[in-house]
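A.B. asks: Input start.cif, format and content: mmCIF, C-alpha atoms.
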data_final
loop_
_atom_site.label_atom_id
_atom_site.label_comp_id
_atom_site.auth_asym_id
_atom_site.auth_seq_id
_atom_site.Cartn_x
_atom_site.Cartn_y
_atom_site.Cartn_z
CA MET A 1 19.96 -26.77 19.91
CA LEU A 2 19.74 -29.32 17.11
CA ARG A 3 16.55 -31.30 16.82
CA ALA A 4 16.69 -35.05 16.32
CA PHE A 5 14.42 -36.38 13.59
CA GLY A 6 11.95 -39.13 14.32
CA THR A 7 13.00 -41.35 17.21
CA ARG A 8 16.75 -41.63 16.48
CA GLY A 9 17.78 -40.78 20.01
CA THR A 10 15.78 -43.61 21.57
CA ALA A 11 15.97 -46.20 18.82
CA LEU A 12 19.75 -46.65 18.80
CA ARG A 13 19.98 -48.62 21.98
CA GLY A 14 22.85 -50.74 20.64
CA ARG A 15 25.21 -47.77 20.37
CA GLY A 16 26.70 -47.16 23.79
CA GLY A 17 27.26 -50.77 24.79
CA GLY A 18 29.32 -51.41 21.71
CA ALA A 19 31.55 -48.44 22.38
CA VAL A 20 32.16 -49.54 25.97
CA LEU A 21 32.96 -53.09 24.93
CA LEU A 22 35.18 -51.86 22.12
CA ALA A 23 37.36 -49.91 24.53
CA ALA A 24 37.61 -52.94 26.81
CA THR A 25 38.87 -55.17 24.00
CA ALA A 26 40.91 -52.67 22.01
CA ARG A 27 44.09 -53.23 24.06
CA ARG A 28 44.49 -56.75 22.72
CA ALA A 29 43.24 -56.03 19.23
CA VAL A 30 45.32 -53.11 17.98
CA VAL A 31 47.59 -55.27 15.85
CA GLY A 32 45.71 -56.61 12.85
CA ALA A 33 42.53 -54.65 13.61
CA PHE A 34 39.91 -54.55 10.87
CA GLY A 35 41.51 -57.13 8.64
CA GLY A 36 44.96 -55.60 8.49
CA LEU A 37 43.96 -52.04 7.69
CA GLU A 38 46.71 -50.73 9.96
CA ALA A 39 49.25 -52.19 7.57
CA ASP A 40 47.40 -50.60 4.68
CA SER A 41 47.27 -47.22 6.39
CA ALA A 42 51.01 -47.26 7.01
CA LYS A 43 51.50 -47.47 3.23
CA ALA A 44 48.92 -44.79 2.39
CA GLY A 45 50.19 -41.44 1.30
CA GLY A 46 48.40 -38.11 1.11
CA GLY A 47 47.00 -38.82 -2.41
CA GLY A 48 43.48 -38.21 -3.58
CA VAL A 49 41.45 -35.04 -3.83
CA VAL A 50 41.77 -32.93 -0.70
CA LEU A 51 39.30 -30.08 -0.53
CA GLY A 52 39.62 -26.76 1.24
CA ALA A 53 43.40 -26.74 1.57
CA GLY A 54 44.38 -23.87 3.82
CA ILE A 55 41.07 -23.60 5.66
CA GLY A 56 41.80 -26.34 8.15
CA GLU A 57 45.55 -25.87 8.42
CA GLY A 58 47.21 -25.04 11.69
CA GLY A 59 47.17 -26.54 15.14
CA GLY A 60 44.43 -26.89 17.69
CA GLY A 61 40.95 -27.73 16.52
CA GLY A 62 40.03 -29.80 19.54
CA GLY A 63 37.59 -27.35 21.09
CA ASP A 64 33.81 -27.53 20.94
CA ASP A 65 33.14 -23.87 20.08
CA ASP A 66 30.97 -23.93 16.96
CA SER A 67 30.31 -20.22 16.75
CA GLY A 68 31.02 -18.23 13.60
CA ASP A 69 30.68 -18.75 9.85
CA VAL A 70 30.69 -22.01 7.88
CA SER A 71 34.33 -22.76 8.63
CA SER A 72 33.84 -21.72 12.28
CA ARG A 73 36.21 -19.47 14.19
CA LEU A 74 38.64 -22.14 15.37
CA PRO A 75 41.03 -23.87 12.96
CA TYR A 76 40.61 -27.51 12.08
CA GLU A 77 43.39 -30.07 12.35
CA TYR A 78 41.73 -33.27 11.15
CA ILE A 79 39.16 -32.09 8.62
CA LEU A 80 39.08 -29.68 5.66
CA VAL A 81 36.11 -27.36 5.24
CA GLU A 82 35.03 -25.27 2.28
CA GLN A 83 31.93 -23.91 0.58
CA ARG A 84 31.21 -24.17 -3.14
CA GLU A 85 28.34 -21.81 -3.89
CA ARG A 86 25.49 -23.21 -1.72
CA VAL A 87 27.20 -26.54 -1.02
CA GLY A 88 29.30 -27.08 2.09
CA VAL A 89 32.09 -29.67 1.83
CA VAL A 90 33.72 -31.45 4.76
CA THR A 91 36.66 -33.77 4.05
CA LEU A 92 38.03 -36.17 6.66
CA ASN A 93 41.76 -35.47 6.50
CA ARG A 94 43.83 -38.18 8.18
CA ALA A 95 44.85 -39.83 4.93
CA LYS A 96 47.91 -41.60 6.38
CA ALA A 97 45.64 -43.26 8.97
CA MET A 98 42.94 -43.93 6.36
CA ASN A 99 40.81 -41.31 8.13
CA ALA A 100 40.44 -43.36 11.30
CA LEU A 101 37.95 -41.55 13.51
CA ASN A 102 39.57 -40.20 16.67
CA ASP A 103 37.94 -37.97 19.29
CA ALA A 104 39.37 -34.74 17.92
CA MET A 105 38.18 -35.51 14.39
CA THR A 106 34.62 -36.31 15.47
CA ARG A 107 34.46 -33.13 17.57
CA GLU A 108 35.65 -31.10 14.59
CA LEU A 109 33.20 -32.84 12.29
CA VAL A 110 30.24 -32.07 14.53
CA ARG A 111 31.40 -28.48 15.00
CA ALA A 112 31.70 -27.89 11.25
CA LEU A 113 28.33 -29.51 10.51
CA ARG A 114 26.61 -27.46 13.19
CA ALA A 115 28.06 -24.29 11.71
CA MET A 116 26.81 -25.27 8.25
CA ASP A 117 23.42 -26.16 9.66
CA ARG A 118 23.06 -22.59 10.98
CA ASP A 119 24.43 -20.90 7.87
CA SER A 120 21.62 -19.79 5.53
CA SER A 121 24.06 -19.66 2.60
CA VAL A 122 24.54 -23.46 2.79
CA GLY A 123 21.75 -25.60 1.37
CA ALA A 124 23.34 -29.07 1.46
CA VAL A 125 26.58 -30.70 2.62
CA VAL A 126 28.95 -33.22 1.04
CA LEU A 127 31.03 -35.45 3.31
CA ALA A 128 34.13 -37.06 1.79
CA GLY A 129 37.45 -38.63 2.79
CA ALA A 130 40.98 -37.67 1.74
CA GLY A 131 43.41 -40.22 0.35
CA ARG A 132 42.51 -43.85 -0.30
CA ALA A 133 39.53 -44.25 2.03
CA PHE A 134 36.35 -42.61 3.23
CA ALA A 135 37.03 -43.78 6.81
CA ALA A 136 38.50 -47.13 7.82
CA GLY A 137 36.95 -47.19 11.30
CA ALA A 138 37.51 -45.89 14.80
CA ASP A 139 41.03 -45.06 15.95
CA ILE A 140 41.80 -48.30 17.78
CA LYS A 141 45.17 -47.08 19.04
CA GLU A 142 43.50 -44.12 20.73
CA MET A 143 40.86 -46.33 22.33
CA ALA A 144 43.32 -48.97 23.52
CA GLY A 145 44.53 -46.90 26.48
CA ARG A 146 41.09 -46.12 27.86
CA SER A 147 39.22 -47.55 30.77
CA LEU A 148 35.60 -48.72 30.76
CA HIS A 149 34.69 -45.53 32.63
CA ASP A 150 36.22 -43.45 29.82
CA ALA A 151 34.34 -45.44 27.21
CA ALA A 152 31.03 -44.99 28.98
CA PHE A 153 31.22 -41.28 29.65
CA ARG A 154 33.57 -39.63 27.15
CA HIS A 155 32.51 -38.04 23.85
CA HIS A 156 33.75 -41.02 21.82
CA ALA A 157 31.09 -43.34 23.29
CA GLY A 158 28.90 -42.64 20.28
CA ALA A 159 26.82 -39.52 20.90
CA TRP A 160 28.58 -37.67 18.07
CA ILE A 161 27.04 -39.91 15.40
CA ASP A 162 23.55 -38.94 16.53
CA GLU A 163 24.55 -35.29 16.24
CA VAL A 164 25.59 -35.92 12.64
CA ALA A 165 22.28 -37.65 11.91
CA ALA A 166 20.38 -34.76 13.54
CA ILE A 167 21.77 -32.12 11.17
CA ARG A 168 18.74 -30.57 9.46
CA LYS A 169 20.35 -29.96 6.08
CA PRO A 170 20.75 -32.86 3.65
CA LEU A 171 24.03 -34.76 3.95
CA VAL A 172 25.52 -36.49 0.90
CA ALA A 173 28.30 -39.01 1.54
CA ALA A 174 30.86 -39.47 -1.26
CA VAL A 175 32.39 -42.85 -0.40
CA HIS A 176 35.49 -44.33 -1.99
CA GLY A 177 37.74 -47.07 -0.69
CA TYR A 178 37.09 -48.36 2.81
CA ALA A 179 33.99 -47.39 4.80
CA LEU A 180 34.39 -49.81 7.68
CA GLY A 181 33.31 -49.81 11.31
CA GLY A 182 32.75 -46.22 12.35
CA GLY A 183 33.27 -45.16 8.73
CA CYS A 184 30.35 -47.29 7.59
CA GLU A 185 28.27 -45.96 10.49
CA LEU A 186 29.12 -42.39 9.47
CA ALA A 187 27.95 -43.07 5.91
CA LEU A 188 24.76 -44.61 7.29
CA ALA A 189 24.09 -41.41 9.25
CA CYS A 190 24.04 -39.42 5.99
CA ASP A 191 20.90 -38.96 3.89
CA ILE A 192 22.30 -40.04 0.51
CA VAL A 193 25.29 -42.31 -0.06
CA LEU A 194 27.07 -42.29 -3.41
CA ALA A 195 29.85 -44.84 -3.82
CA SER A 196 32.84 -45.32 -6.06
CA GLU A 197 33.22 -48.73 -7.71
CA ASP A 198 36.11 -49.46 -5.33
CA ALA A 199 34.11 -48.75 -2.16
CA GLN A 200 33.82 -51.41 0.54
CA PHE A 201 31.35 -51.28 3.42
CA GLY A 202 31.48 -53.36 6.57
CA GLN A 203 31.09 -53.70 10.33
CA PRO A 204 34.11 -55.82 11.30
CA GLU A 205 33.89 -55.13 15.04
CA ILE A 206 33.13 -58.82 15.71
CA GLN A 207 36.78 -59.48 14.79
CA LEU A 208 37.73 -57.39 17.84
CA GLY A 209 35.32 -59.23 20.11
CA THR A 210 32.76 -56.44 20.21
CA ILE A 211 29.78 -54.97 18.31
CA PRO A 212 29.32 -51.76 16.30
CA GLY A 213 29.48 -48.89 18.78
CA PHE A 214 28.12 -45.97 16.75
CA GLY A 215 24.60 -47.15 15.92
CA GLY A 216 25.53 -49.63 13.19
CA THR A 217 23.40 -52.44 14.59
CA GLN A 218 20.33 -50.26 14.11
CA ARG A 219 21.00 -48.15 11.00
CA LEU A 220 22.54 -51.00 9.00
CA ALA A 221 19.47 -53.20 9.55
CA ARG A 222 17.23 -50.34 8.45
CA ALA A 223 19.34 -49.78 5.34
CA VAL A 224 19.89 -53.35 4.08
CA GLY A 225 17.41 -55.46 6.04
CA LYS A 226 17.84 -57.86 8.94
CA ALA A 227 19.32 -60.77 6.97
CA LYS A 228 22.25 -58.92 5.43
CA ALA A 229 22.84 -56.84 8.56
CA MET A 230 23.02 -59.99 10.68
CA GLU A 231 25.50 -61.61 8.29
CA MET A 232 27.73 -58.54 8.17
CA VAL A 233 27.69 -57.88 11.91
CA LEU A 234 28.12 -61.52 12.95
CA THR A 235 30.83 -62.44 10.41
CA GLY A 236 32.52 -59.12 9.66
CA ARG A 237 32.02 -59.68 5.93
CA ARG A 238 32.51 -56.64 3.72
CA MET A 239 30.03 -55.53 1.06
CA ASP A 240 31.29 -54.09 -2.20
CA ALA A 241 29.70 -51.08 -3.89
CA ALA A 242 27.59 -53.10 -6.34
CA GLU A 243 26.08 -55.24 -3.59
CA ALA A 244 25.58 -52.17 -1.41
CA GLU A 245 23.56 -50.53 -4.19
CA ARG A 246 21.42 -53.66 -4.67
CA ALA A 247 20.84 -53.88 -0.92
CA GLY A 248 19.74 -50.25 -0.61
CA LEU A 249 22.67 -48.86 1.37
CA VAL A 250 23.96 -46.90 -1.64
CA ALA A 251 21.88 -44.71 -3.95
CA ARG A 252 24.23 -44.99 -6.93
CA VAL A 253 27.64 -46.39 -7.88
CA LEU A 254 30.03 -44.21 -9.90
CA PRO A 255 33.23 -45.00 -11.79
CA GLU A 256 36.40 -44.48 -9.78
CA GLY A 257 37.37 -40.84 -9.66
CA ARG A 258 33.85 -39.51 -10.27
CA VAL A 259 32.06 -39.99 -6.95
CA LEU A 260 33.05 -36.63 -5.47
CA SER A 261 32.07 -34.60 -8.53
CA GLU A 262 28.72 -36.38 -8.71
CA ALA A 263 28.09 -35.86 -4.99
CA LEU A 264 28.76 -32.15 -5.46
CA GLU A 265 26.28 -32.04 -8.35
CA VAL A 266 23.62 -33.87 -6.34
CA ALA A 267 24.15 -31.48 -3.43
CA ARG A 268 23.99 -28.50 -5.81
CA VAL A 269 20.59 -29.62 -7.12
CA ILE A 270 19.33 -30.20 -3.58
CA ALA A 271 20.58 -26.80 -2.42
CA SER A 272 18.67 -25.07 -5.22
CA HIS A 273 15.36 -25.96 -3.58
CA SER A 274 13.50 -24.29 -0.71
CA ALA A 275 15.37 -24.77 2.59
CA PRO A 276 12.21 -25.16 4.76
CA VAL A 277 10.74 -27.67 2.31
CA LEU A 278 14.01 -29.63 2.20
CA GLU A 279 14.06 -29.86 5.99
CA LEU A 280 10.45 -31.05 6.03
CA ALA A 281 11.08 -33.60 3.27
CA LYS A 282 14.20 -34.97 4.99
CA ARG A 283 12.34 -35.32 8.28
CA ALA A 284 9.37 -37.05 6.65
CA VAL A 285 11.49 -39.62 4.76
CA ALA A 286 13.65 -40.28 7.84
CA ALA A 287 10.51 -40.89 9.88
CA ALA A 288 9.38 -43.55 7.40
CA ALA A 289 12.18 -45.88 8.55
CA GLU A 290 11.46 -45.33 12.24
CA THR A 291 7.70 -44.91 12.52
CA PRO A 292 4.78 -47.32 12.02
CA LEU A 293 3.07 -46.71 8.68
CA ALA A 294 -0.19 -45.47 10.22
CA ALA A 295 1.64 -42.87 12.29
CA GLY A 296 3.89 -41.84 9.40
CA ILE A 297 1.03 -40.95 7.06
CA ALA A 298 -1.21 -39.43 9.73
#
Just give me the structure as structure tokens.
C.D. replies:
Amino acid sequence: MLRAFGTRGTALRGRGGGAVLLAATARRAVVGAFGGLEADSAKAGGGGVVLGAGIGEGGGGGGDDDSGDVSSRLPYEYILVEQRERVGVVTLNRAKAMNALNDAMTRELVRALRAMDRDSSVGAVVLAGAGRAFAAGADIKEMAGRSLHDAAFRHHAGAWIDEVAAIRKPLVAAVHGYALGGGCELALACDIVLASEDAQFGQPEIQLGTIPGFGGTQRLARAVGKAKAMEMVLTGRRMDAAEAERAGLVARVLPEGRVLSEALEVARVIASHSAPVLELAKRAVAAAAETPLAAGIA
């Protein structure tokens, strides 16, 4: 059983409602969703650095069994998984769809992260995206055919993002291209975000007539402050990498083509330290954003 840090499970009250409303409005918003990213994704090829080729190949991958070693016993269809010394690497691998987050991908992501969390040979994890984007948002086409009941009770309603945030080992996001909607929320659930100069962050759900469904209303405000979070959520405006660094969402901005290698180096340094101390340090810093000062230093 994974332990949530701080009060994440209770603080993200805006999560479920957004997912339910998103499913209700997705039917009429598939075309032109997220500022035309569907048109972009149709043009996107495989491109980019794809890690772990061969580990995630094959069919299936939709199950929830997370038993086994770092790559787990079941094959992956939508992610690539590998281990470089003490660093685990998970790559979202739907490049032609700009890594839009569907149910199967989020289940695989959680399964792989859980396996890494249990594996004593892994000290830190890098999360990246194949092709031209980190993740361009939720899979609107998949959500369009669902009822409100499905949205409220199925896995996609948002619980998976809390499972990502509850992973005990440090998570380093290597973001290039689009990190929009659910992709931005996934980056926010990581502990350190490194961004390429071409990265764009945003919560454009308002353009679909809904709100961020995976905790973005809460984590974004904690990362960049109320003023910027309000502007982004209410207008759908995107934030480039430079602004994201100034606002505190991003730790550092790297030249294009270098973000993954730098994320691996950061994770390598982290993984060289004591695992119990890393877990304690991560929990303490996470609590700072969610706990009154007096309680945090007690």
A.B. asks: List as a Markdown table every residue of stretch 214-251 of chain A that is in contact with stretch 188-209 of chain A, defined as an atom at most 6 Å from one of its atoms (using all atoms listed in the file), together with the nearest atom pair and the distance in Å rounded to one decimal, sorted by chain and then rising number.
C.D. replies:
| residue | atom | partner | partner_atom | distance |
| --- | --- | --- | --- | --- |
| A:Val233 | CA | A:Gln203 | CA | 5.6 |
| A:Gly236 | CA | A:Pro204 | CA | 4.0 |
| A:Arg238 | CA | A:Gly202 | CA | 4.5 |
| A:Met239 | CA | A:Phe201 | CA | 5.0 |
| A:Asp240 | CA | A:Gln200 | CA | 4.6 |
| A:Ala241 | CA | A:Ala199 | CA | 5.3 |
| A:Val250 | CA | A:Val193 | CA | 5.0 |
| A:Ala251 | CA | A:Val193 | CA | 5.7 |
A.B. asks: Which residue gives the smallest distance to A:Met232 among A:Val277, A:Val89, A:Leu220, A:Ala97, with all atoms listed in the file counted?
C.D. replies: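 Smallest distance to A:Met232 is found for A:Leu220.
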A.B. asks: Enter the distance from atom CA of A:Arg132 to atom CA of A:Arg168, in Å, rounded to one decimal.
C.D. replies: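 Separation between atom CA of A:Arg132 and atom CA of A:Arg168: 28.9 Å.
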A.B. asks: Here is a test: counting all atoms listed in the file, which residue of A:Glu256, A:Asp139, A:Glu231, A:Asp119 is nearest to A:Ile167?
C.D. replies: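 So, comparing all the options, the nearest one is A:Asp119.
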A.B. asks: Please provide as a list in words all residues within 7 Å of A:Tyr78, with the sequence filter that same-chain residues fewer than 6 positions apart are discarded (counting all atoms listed in the file).
C.D. replies: Leu92, Asn93, Arg94 and Met105 of chain A
A.B. asks: Please determine, counting only C-alpha atoms, which residue among A:Asp117, A:Thr235, A:Gly88, A:Tyr76 has the shortest atom-to-atom distance to A:Ala104.
C.D. replies: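 Among A:Asp117, A:Thr235, A:Gly88, A:Tyr76, it is A:Tyr76 that comes nearest to A:Ala104.
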A.B. asks: Using all atoms listed in the file, which of the listed residues (A:Val253, A:Phe214, A:Leu109, A:Glu185) sits closest to A:Leu80?
C.D. replies: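 Between A:Val253, A:Phe214, A:Leu109, A:Glu185, the residue approaching A:Leu80 most closely is A:Leu109.
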A.B. asks: Could you state the separation of atom CA of A:Ala124 and atom CA of A:Ala165 in Å, given to one decimal place?
C.D. replies: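 Atom-to-atom, atom CA of A:Ala124 to atom CA of A:Ala165, that is 13.6 Å.
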A.B. asks: Report, in Å to a single decimal, how far apart atom CA of A:Gly123 and atom CA of A:His273 are.
C.D. replies: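 It comes out at 8.1 Å.
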A.B. asks: List as a count of residues only the protein and nucleic acid residues near stretch 280-283 of chain A, meaning an atom at most 10 Å away when all atoms listed in the file are counted, but skip any in the same chain fewer than 2 places from it.
C.D. replies: 17
A.B. asks: Go through A:Arg258, A:Thr217, A:Val164, A:Met116 and flag the residue nearest A:Val87, using all atoms listed in the file for the distances.
C.D. replies: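 Using all atoms listed in the file, the shortest distance to A:Val87 belongs to A:Met116.
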A.B. asks: Considering all atoms listed in the file, can you say which of A:Gly248, A:Gly215, A:Gly257, A:Gly177 comes closest to A:Trp160?
C.D. replies: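 Once distances to A:Trp160 are computed over all atoms listed in the file, the minimum belongs to A:Gly215.
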A.B. asks: Taking the file above as input, evaluate the PyMOL selection byres ((chain A and resi 262-267) around 7) and report the hits as an MDAnalysis selection string.
C.D. replies: chainID A and resid 87 124:126 172 174 194 258:261 268:271
A.B. asks: Some atoms are absent from stretch 196-207 of chain A, so rebuild all heavy atoms and return them as a compact mmCIF listing (two decimals), in the frame of the given file.
C.D. replies:
# COMPACT_ATOMS: atom_id res chain seq x y z
N SER A 196 31.95 -44.97 -4.97
CA SER A 196 32.84 -45.32 -6.06
C SER A 196 32.83 -46.83 -6.25
O SER A 196 32.52 -47.59 -5.32
CB SER A 196 34.25 -44.83 -5.73
OG SER A 196 35.18 -45.27 -6.68
N GLU A 197 33.20 -47.29 -7.43
CA GLU A 197 33.22 -48.73 -7.71
C GLU A 197 34.16 -49.48 -6.77
O GLU A 197 33.98 -50.68 -6.55
CB GLU A 197 33.63 -48.97 -9.15
CG GLU A 197 32.58 -48.57 -10.17
CD GLU A 197 33.06 -48.72 -11.61
OE1 GLU A 197 34.30 -48.68 -11.83
OE2 GLU A 197 32.22 -48.88 -12.50
N ASP A 198 35.15 -48.79 -6.21
CA ASP A 198 36.11 -49.46 -5.33
C ASP A 198 35.70 -49.43 -3.86
O ASP A 198 36.44 -49.90 -3.00
CB ASP A 198 37.50 -48.85 -5.49
CG ASP A 198 37.57 -47.42 -4.95
OD1 ASP A 198 36.51 -46.77 -4.80
OD2 ASP A 198 38.70 -46.94 -4.67
N ALA A 199 34.53 -48.90 -3.56
CA ALA A 199 34.11 -48.75 -2.16
C ALA A 199 33.81 -50.11 -1.53
O ALA A 199 33.31 -51.03 -2.19
CB ALA A 199 32.88 -47.86 -2.06
N GLN A 200 34.13 -50.23 -0.25
CA GLN A 200 33.82 -51.41 0.54
C GLN A 200 33.19 -50.97 1.85
O GLN A 200 33.73 -50.10 2.54
CB GLN A 200 35.07 -52.23 0.83
CG GLN A 200 35.72 -52.85 -0.38
CD GLN A 200 36.88 -53.75 0.00
OE1 GLN A 200 36.78 -54.53 0.96
NE2 GLN A 200 37.98 -53.65 -0.72
N PHE A 201 32.07 -51.59 2.20
CA PHE A 201 31.35 -51.28 3.42
C PHE A 201 31.39 -52.48 4.35
O PHE A 201 31.33 -53.63 3.90
CB PHE A 201 29.89 -50.92 3.12
CG PHE A 201 29.72 -49.73 2.22
CD1 PHE A 201 29.78 -49.87 0.83
CD2 PHE A 201 29.53 -48.46 2.75
CE1 PHE A 201 29.64 -48.77 0.00
CE2 PHE A 201 29.39 -47.36 1.93
CZ PHE A 201 29.44 -47.51 0.55
N GLY A 202 31.47 -52.23 5.65
CA GLY A 202 31.48 -53.36 6.57
C GLY A 202 31.47 -52.93 8.02
O GLY A 202 31.80 -51.80 8.37
N GLN A 203 31.06 -53.87 8.87
CA GLN A 203 31.09 -53.70 10.33
C GLN A 203 31.92 -54.84 10.92
O GLN A 203 31.37 -55.83 11.40
CB GLN A 203 29.66 -53.71 10.90
CG GLN A 203 28.74 -52.64 10.37
CD GLN A 203 29.10 -51.23 10.81
OE1 GLN A 203 28.63 -50.26 10.26
NE2 GLN A 203 29.96 -51.10 11.80
N PRO A 204 33.24 -54.71 10.89
CA PRO A 204 34.11 -55.82 11.30
C PRO A 204 34.41 -55.87 12.79
O PRO A 204 35.34 -56.56 13.22
CB PRO A 204 35.39 -55.55 10.50
CG PRO A 204 35.43 -54.05 10.40
CD PRO A 204 34.00 -53.60 10.29
N GLU A 205 33.60 -55.19 13.60
CA GLU A 205 33.89 -55.13 15.04
C GLU A 205 33.91 -56.51 15.70
O GLU A 205 34.59 -56.72 16.70
CB GLU A 205 32.86 -54.24 15.75
CG GLU A 205 33.00 -52.76 15.46
CD GLU A 205 32.27 -52.31 14.21
OE1 GLU A 205 31.79 -53.18 13.44
OE2 GLU A 205 32.17 -51.09 13.99
N ILE A 206 33.16 -57.47 15.14
CA ILE A 206 33.13 -58.82 15.71
C ILE A 206 34.53 -59.42 15.75
O ILE A 206 34.85 -60.24 16.62
CB ILE A 206 32.17 -59.73 14.89
CG1 ILE A 206 31.83 -60.99 15.67
CG2 ILE A 206 32.75 -60.06 13.53
CD1 ILE A 206 30.92 -60.77 16.84
N GLN A 207 35.40 -58.99 14.83
CA GLN A 207 36.78 -59.48 14.79
C GLN A 207 37.60 -58.95 15.95
O GLN A 207 38.69 -59.46 16.23
CB GLN A 207 37.41 -59.11 13.45
CG GLN A 207 36.72 -59.75 12.26
CD GLN A 207 37.15 -59.17 10.93
OE1 GLN A 207 38.06 -58.34 10.86
NE2 GLN A 207 36.50 -59.59 9.85
